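> Let me begin by handing over the structure; questions about it come next.
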Amino acid sequence: MSIMNVINRSSYDAMSEESCPDYDSAINSAHTSTFSTSRRWLPSVPSPPPFDDPISPSSARRLPRPLQRNERYVYTYSVIANTMPVDVLITVEPSTGGKYTFKLSIRVNKIERSLCEPVVLNLRIDPKQLEFVVFLLPGKTTILMGGLWCLRVWLRANEIEHKLFGEDEIWIGKDLDFASVQDASIARHKVTNHREQVYHGFVGNALVNFTVKWRKTEYGTYKCSLDYEAGGVSSTLFDDLDLCFDHDPRTITFIIYTVKANAIPAGSSHKLRVWMRSPVQAGIDPAIAMAPYDGSFIYQRIWKTDSLKIGSRLDFGSLGPKVIMAFAKSGPETVMSIASPSLAPSLHSRTPSSTVKEKELGYLGHMYR
């Protein structure tokens, strides 16, 4: 029986975007809906010279050191989510003392990204002969129907299961309707070049520029970051998102939108969601490969925050009658320092303001003493 039949869809209650039921009890039948493969990479190691081949001391010093033999094992499980193929990859890396590190990632539409924190376990079994139970189940949501999934990964050893990973917020879907998200303010795509994309949007009443940047790493993957700028002030929202794909990153675009959160003053806090949009790649599904491109896109949510604090013309008087507002006494005071930044004086040992003013005003400084 397929794992999707375990859930009685008619019993769902309306829940928020982030909620997900407890599906761990469905593990006993989950293994029937997936299959796995195992791969390993072995760096090439220089062959040692024959034992009867004399080596002079000078030539021995010039021989390169043998490369360290590092192995890792990648198990791939495939599952279909609403006709959309999803690959779940479990990487097993040996450590020391019989310990192994397990890492999780998913690949959708030929784009791979990491999920969850690594898990370290002691193994007394062959790491090349592991068995996993991997399954997806639909999450409960009232927006972007069909886009929320829950993932569970268990390790099965000697008829005993150990839970490795559980993720309740896997947002993926094909041709999702973002116009259905109530009160969403969606940023518009303005600029694309060889290393970044720029989006303009309103966060509340504030005009904000979002810039998505990427750079290729030495391992062939990409590091993705997101900055925002408003009113001449900018900041980085994230800069450590790893993505792995083998096509031009300019074919990928992003859906960036915000929704007002309940806060005082009104309009001072927002929920931000960042989705990645990629055209359906030929070859991920035989049915898709045989058909011409029809303008369909695969969407994946890659980042979120519920506390983007920014606004325009905020009414701080709405905080209540007990609020006591401060006022500026004067303009900024320039504090001079000769020491390096690491040796700069602390707040309680800084140069007295009278000395600073003397340096700035020269002879006039002595007149005011």
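Chains: A, B, ... in order of the structure tokens. Residues: from 1 per chain. Ligands: from 1, in order shown.
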Find the spatial neighbours of A:Val259, counting only C-alpha atoms, within a cut-off of 7 Å - ignore same-chain residues fewer than 4 positions away - and output them as a PyMOL selection string.

chain A and resi 183-185+270-272

> Would you mind exporting N, CA, C and O atoms of the selected residues as an mmCIF file, in the first residue's frame?


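This is the output file part.cif:
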```cif
data_model
loop_
_atom_site.group_PDB
_atom_site.id
_atom_site.type_symbol
_atom_site.label_atom_id
_atom_site.label_comp_id
_atom_site.auth_asym_id
_atom_site.auth_seq_id
_atom_site.Cartn_x
_atom_site.Cartn_y
_atom_site.Cartn_z
ATOM 1 N N ASP A 183 -2.655 39.369 0.940
ATOM 2 C CA ASP A 183 -1.902 40.551 1.380
ATOM 3 C C ASP A 183 -0.403 40.443 1.084
ATOM 4 O O ASP A 183 0.409 41.117 1.729
ATOM 5 N N ALA A 184 -0.026 39.622 0.125
ATOM 6 C CA ALA A 184 1.391 39.488 -0.215
ATOM 7 C C ALA A 184 1.836 40.640 -1.105
ATOM 8 O O ALA A 184 1.139 41.018 -2.055
ATOM 9 N N SER A 185 2.995 41.197 -0.800
ATOM 10 C CA SER A 185 3.620 42.227 -1.639
ATOM 11 C C SER A 185 4.810 41.575 -2.337
ATOM 12 O O SER A 185 5.826 41.261 -1.701
ATOM 13 N N HIS A 270 7.484 42.350 9.358
ATOM 14 C CA HIS A 270 6.976 41.672 8.164
ATOM 15 C C HIS A 270 7.522 40.249 8.097
ATOM 16 O O HIS A 270 8.608 39.957 8.605
ATOM 17 N N LYS A 271 6.765 39.378 7.452
ATOM 18 C CA LYS A 271 7.213 38.029 7.124
ATOM 19 C C LYS A 271 7.766 38.049 5.699
ATOM 20 O O LYS A 271 7.101 38.524 4.777
ATOM 21 N N LEU A 272 8.966 37.527 5.543
ATOM 22 C CA LEU A 272 9.626 37.512 4.232
ATOM 23 C C LEU A 272 9.812 36.076 3.778
ATOM 24 O O LEU A 272 10.257 35.220 4.542
#
```

> Would you list the contacts of A:Pro118 as a ChimeraX atom specification, taking every protein, DNA or RNA residue within 9 Å and counting only C-alpha atoms, but skipping same-chain residues closer than 4 positions in sequence?

/A:101-104,165

> Would you write out those residues with N, CA, C and O atoms, as an mmCIF file, in the first residue's frame?


```cif
data_model
loop_
_atom_site.group_PDB
_atom_site.id
_atom_site.type_symbol
_atom_site.label_atom_id
_atom_site.label_comp_id
_atom_site.auth_asym_id
_atom_site.auth_seq_id
_atom_site.Cartn_x
_atom_site.Cartn_y
_atom_site.Cartn_z
ATOM 1 N N THR A 101 29.217 10.544 9.880
ATOM 2 C CA THR A 101 28.372 11.728 9.783
ATOM 3 C C THR A 101 27.371 11.535 8.648
ATOM 4 O O THR A 101 27.753 11.236 7.511
ATOM 5 N N PHE A 102 26.095 11.729 8.965
ATOM 6 C CA PHE A 102 25.026 11.602 7.985
ATOM 7 C C PHE A 102 24.538 12.999 7.613
ATOM 8 O O PHE A 102 24.237 13.823 8.479
ATOM 9 N N LYS A 103 24.467 13.277 6.303
ATOM 10 C CA LYS A 103 23.996 14.550 5.792
ATOM 11 C C LYS A 103 22.843 14.318 4.823
ATOM 12 O O LYS A 103 22.811 13.306 4.114
ATOM 13 N N LEU A 104 21.928 15.285 4.796
ATOM 14 C CA LEU A 104 20.714 15.145 3.988
ATOM 15 C C LEU A 104 20.611 16.285 2.988
ATOM 16 O O LEU A 104 20.882 17.445 3.319
ATOM 17 N N PHE A 165 16.378 12.071 10.281
ATOM 18 C CA PHE A 165 15.998 13.424 9.891
ATOM 19 C C PHE A 165 14.479 13.557 9.860
ATOM 20 O O PHE A 165 13.762 12.612 9.500
#
```

> So that I can check the surroundings of A:Val208, please list as a list in words every protein, DNA and RNA residue that reaches within 7 Å of it, counting only C-alpha atoms and ignoring chain neighbours fewer than 4 positions away.

His200, Gly201, Phe202, Val203, Tyr228, Glu229 and Ala230 of chain A

> As number ranges by chain, please: every residue in stretch 53-263 of chain A that DSSP puts in strand (DSSP E or B).

A: 73-81, 84-94, 99-108, 111-122, 131-138, 148-157, 160-174, 185-186, 188-192, 196-203, 206-216, 222-230, 233-244, 253-260

> So that I can see what lies close to stretch 260-269 of chain A, please list as a PyMOL selection string the residues with an atom at most 12 Å from it, counting only C-alpha atoms and leaving out residues fewer than 5 positions away in the same chain.

chain A and resi 181-185+202-206+305-320

> Would you write out those residues with C-alpha atoms, as a PDB file, in the first residue's frame?


```
ATOM      1  CA  VAL A 181      -1.278  34.513  -0.928  1.00  0.00           C
ATOM      2  CA  GLN A 182      -3.414  37.068   0.886  1.00  0.00           C
ATOM      3  CA  ASP A 183      -1.902  40.551   1.380  1.00  0.00           C
ATOM      4  CA  ALA A 184       1.391  39.488  -0.215  1.00  0.00           C
ATOM      5  CA  SER A 185       3.620  42.227  -1.639  1.00  0.00           C
ATOM      6  CA  PHE A 202       7.466  47.521  -1.164  1.00  0.00           C
ATOM      7  CA  VAL A 203       7.803  46.282   2.402  1.00  0.00           C
ATOM      8  CA  GLY A 204       4.898  48.045   4.006  1.00  0.00           C
ATOM      9  CA  ASN A 205       5.318  51.620   2.752  1.00  0.00           C
ATOM     10  CA  ALA A 206       9.109  51.325   2.359  1.00  0.00           C
ATOM     11  CA  THR A 305      12.071  35.040   8.265  1.00  0.00           C
ATOM     12  CA  ASP A 306       9.118  36.168  10.346  1.00  0.00           C
ATOM     13  CA  SER A 307      10.798  39.282  11.746  1.00  0.00           C
ATOM     14  CA  LEU A 308      11.957  41.668   9.030  1.00  0.00           C
ATOM     15  CA  LYS A 309      11.906  44.938  10.983  1.00  0.00           C
ATOM     16  CA  ILE A 310      11.586  47.823   8.540  1.00  0.00           C
ATOM     17  CA  GLY A 311       8.962  50.460   7.829  1.00  0.00           C
ATOM     18  CA  SER A 312       8.263  53.918   6.489  1.00  0.00           C
ATOM     19  CA  ARG A 313       6.644  56.812   8.378  1.00  0.00           C
ATOM     20  CA  LEU A 314       5.951  54.650  11.409  1.00  0.00           C
ATOM     21  CA  ASP A 315       3.740  56.086  14.136  1.00  0.00           C
ATOM     22  CA  PHE A 316       5.752  55.471  17.310  1.00  0.00           C
ATOM     23  CA  GLY A 317       3.197  57.484  19.248  1.00  0.00           C
ATOM     24  CA  SER A 318       0.890  54.483  18.971  1.00  0.00           C
ATOM     25  CA  LEU A 319       3.070  52.661  21.514  1.00  0.00           C
ATOM     26  CA  GLY A 320       1.028  54.299  24.264  1.00  0.00           C
TER      27      GLY A 320
END
```

> So the first atom is atom CA of A:Val198 and the second is atom CA of A:Asn109; what is the distance between them in Å, to one decimal place?

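Taking atom CA of A:Val198 as the start and atom CA of A:Asn109 as the end point, the length is 23.4 Å.
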
> Mind checking which residues fall within 10 Å of A:Asp239, counting only C-alpha atoms, ignoring those fewer than 4 positions away in the same chain, and posting them as a VMD selection string?

chain A and resid 212 to 214 223 to 227

> Put those residues in a file: all heavy atoms, as a PDB file, in the first residue's frame.


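Dumped everything to selection.pdb:
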```pdb
ATOM      1  N   VAL A 212      19.995  39.442  -5.204  1.00  0.00           N
ATOM      2  CA  VAL A 212      20.425  38.052  -5.073  1.00  0.00           C
ATOM      3  C   VAL A 212      21.749  37.896  -5.813  1.00  0.00           C
ATOM      4  O   VAL A 212      21.850  38.230  -6.992  1.00  0.00           O
ATOM      5  CB  VAL A 212      19.373  37.088  -5.638  1.00  0.00           C
ATOM      6  CG1 VAL A 212      19.814  35.645  -5.435  1.00  0.00           C
ATOM      7  CG2 VAL A 212      18.014  37.331  -4.998  1.00  0.00           C
ATOM      8  N   LYS A 213      22.757  37.398  -5.111  1.00  0.00           N
ATOM      9  CA  LYS A 213      24.083  37.204  -5.708  1.00  0.00           C
ATOM     10  C   LYS A 213      24.474  35.735  -5.609  1.00  0.00           C
ATOM     11  O   LYS A 213      24.027  35.021  -4.712  1.00  0.00           O
ATOM     12  CB  LYS A 213      25.123  38.069  -4.987  1.00  0.00           C
ATOM     13  CG  LYS A 213      24.849  39.558  -5.048  1.00  0.00           C
ATOM     14  CD  LYS A 213      25.923  40.335  -4.292  1.00  0.00           C
ATOM     15  CE  LYS A 213      25.637  41.824  -4.303  1.00  0.00           C
ATOM     16  NZ  LYS A 213      26.666  42.595  -3.555  1.00  0.00           N
ATOM     17  N   TRP A 214      25.317  35.326  -6.527  1.00  0.00           N
ATOM     18  CA  TRP A 214      25.847  33.967  -6.468  1.00  0.00           C
ATOM     19  C   TRP A 214      27.292  33.969  -6.946  1.00  0.00           C
ATOM     20  O   TRP A 214      27.721  34.822  -7.726  1.00  0.00           O
ATOM     21  CB  TRP A 214      25.000  33.009  -7.315  1.00  0.00           C
ATOM     22  CG  TRP A 214      24.930  33.393  -8.765  1.00  0.00           C
ATOM     23  CD1 TRP A 214      25.826  33.124  -9.740  1.00  0.00           C
ATOM     24  CD2 TRP A 214      23.885  34.161  -9.390  1.00  0.00           C
ATOM     25  NE1 TRP A 214      25.432  33.654 -10.941  1.00  0.00           N
ATOM     26  CE2 TRP A 214      24.250  34.297 -10.757  1.00  0.00           C
ATOM     27  CE3 TRP A 214      22.707  34.732  -8.934  1.00  0.00           C
ATOM     28  CZ2 TRP A 214      23.450  34.992 -11.655  1.00  0.00           C
ATOM     29  CZ3 TRP A 214      21.923  35.409  -9.833  1.00  0.00           C
ATOM     30  CH2 TRP A 214      22.281  35.530 -11.176  1.00  0.00           C
ATOM     31  N   LYS A 223      27.431  29.488  -4.096  1.00  0.00           N
ATOM     32  CA  LYS A 223      27.045  30.142  -2.864  1.00  0.00           C
ATOM     33  C   LYS A 223      26.085  31.274  -3.215  1.00  0.00           C
ATOM     34  O   LYS A 223      26.412  32.143  -4.025  1.00  0.00           O
ATOM     35  CB  LYS A 223      28.265  30.707  -2.144  1.00  0.00           C
ATOM     36  CG  LYS A 223      29.098  29.677  -1.410  1.00  0.00           C
ATOM     37  CD  LYS A 223      28.477  29.312  -0.072  1.00  0.00           C
ATOM     38  CE  LYS A 223      29.423  28.456   0.752  1.00  0.00           C
ATOM     39  NZ  LYS A 223      28.843  28.076   2.055  1.00  0.00           N
ATOM     40  N   CYS A 224      24.923  31.251  -2.611  1.00  0.00           N
ATOM     41  CA  CYS A 224      23.886  32.239  -2.909  1.00  0.00           C
ATOM     42  C   CYS A 224      23.685  33.133  -1.696  1.00  0.00           C
ATOM     43  O   CYS A 224      23.721  32.670  -0.548  1.00  0.00           O
ATOM     44  CB  CYS A 224      22.590  31.530  -3.266  1.00  0.00           C
ATOM     45  SG  CYS A 224      21.260  32.634  -3.798  1.00  0.00           S
ATOM     46  N   SER A 225      23.482  34.452  -1.936  1.00  0.00           N
ATOM     47  CA  SER A 225      23.264  35.410  -0.852  1.00  0.00           C
ATOM     48  C   SER A 225      22.139  36.356  -1.242  1.00  0.00           C
ATOM     49  O   SER A 225      21.816  36.524  -2.423  1.00  0.00           O
ATOM     50  CB  SER A 225      24.542  36.194  -0.546  1.00  0.00           C
ATOM     51  OG  SER A 225      24.904  37.014  -1.647  1.00  0.00           O
ATOM     52  N   LEU A 226      21.559  37.007  -0.225  1.00  0.00           N
ATOM     53  CA  LEU A 226      20.488  37.969  -0.439  1.00  0.00           C
ATOM     54  C   LEU A 226      20.738  39.193   0.429  1.00  0.00           C
ATOM     55  O   LEU A 226      20.886  39.080   1.648  1.00  0.00           O
ATOM     56  CB  LEU A 226      19.125  37.360  -0.095  1.00  0.00           C
ATOM     57  CG  LEU A 226      17.923  38.303  -0.183  1.00  0.00           C
ATOM     58  CD1 LEU A 226      17.717  38.784  -1.612  1.00  0.00           C
ATOM     59  CD2 LEU A 226      16.652  37.629   0.340  1.00  0.00           C
ATOM     60  N   ASP A 227      20.798  40.370  -0.214  1.00  0.00           N
ATOM     61  CA  ASP A 227      20.937  41.648   0.481  1.00  0.00           C
ATOM     62  C   ASP A 227      19.695  42.493   0.229  1.00  0.00           C
ATOM     63  O   ASP A 227      18.982  42.299  -0.767  1.00  0.00           O
ATOM     64  CB  ASP A 227      22.168  42.417  -0.010  1.00  0.00           C
ATOM     65  CG  ASP A 227      23.463  41.638   0.180  1.00  0.00           C
ATOM     66  OD1 ASP A 227      23.500  40.784   1.076  1.00  0.00           O
ATOM     67  OD2 ASP A 227      24.427  41.893  -0.564  1.00  0.00           O
TER      68      ASP A 227
END
```

> If you take only C-alpha atoms and a cut-off of 8 Å, which residues of stretch 176-285 of chain A touch stretch 125-146 of chain A, and what are their nearest atom pairs and distances in Å to one decimal, in chain and number order, as a tab-separated table?


```
residue	atom	partner	partner_atom	distance
A:Leu176	CA	A:Leu144	CA	6.3
A:Asp177	CA	A:Leu144	CA	6.4
A:Phe178	CA	A:Leu144	CA	6.9
A:Ser180	CA	A:Ile143	CA	7.1
A:Val181	CA	A:Ile143	CA	6.2
```

> Give me, as JSON, numbers by chain, all polymer residues having an atom no more than 9 Å from A:His189, counting only C-alpha atoms and skipping those fewer than 2 positions away in the same chain.

{"A": [187, 191, 192, 197, 198, 199, 200, 201, 253, 254, 255]}

> May I ask for the distance between atom CA of A:Leu148 and atom CA of A:Thr236, given in Å to one decimal place?

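That distance, rounded to one decimal, is 26.8 Å.
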
> Calculate how many Å separate atom CA of A:Glu159 from atom CA of A:Leu89, rounding to one decimal.

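If I compute the distance from atom CA of A:Glu159 to atom CA of A:Leu89, I get 21.9 Å.
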
> Using only C-alpha atoms for the distances, tell me which of A:Gln300, A:Asn193, A:Thr76, A:Thr211 is nearest to A:Pro249.

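Checking each candidate against A:Pro249, we get A:Asn193 as the closest.
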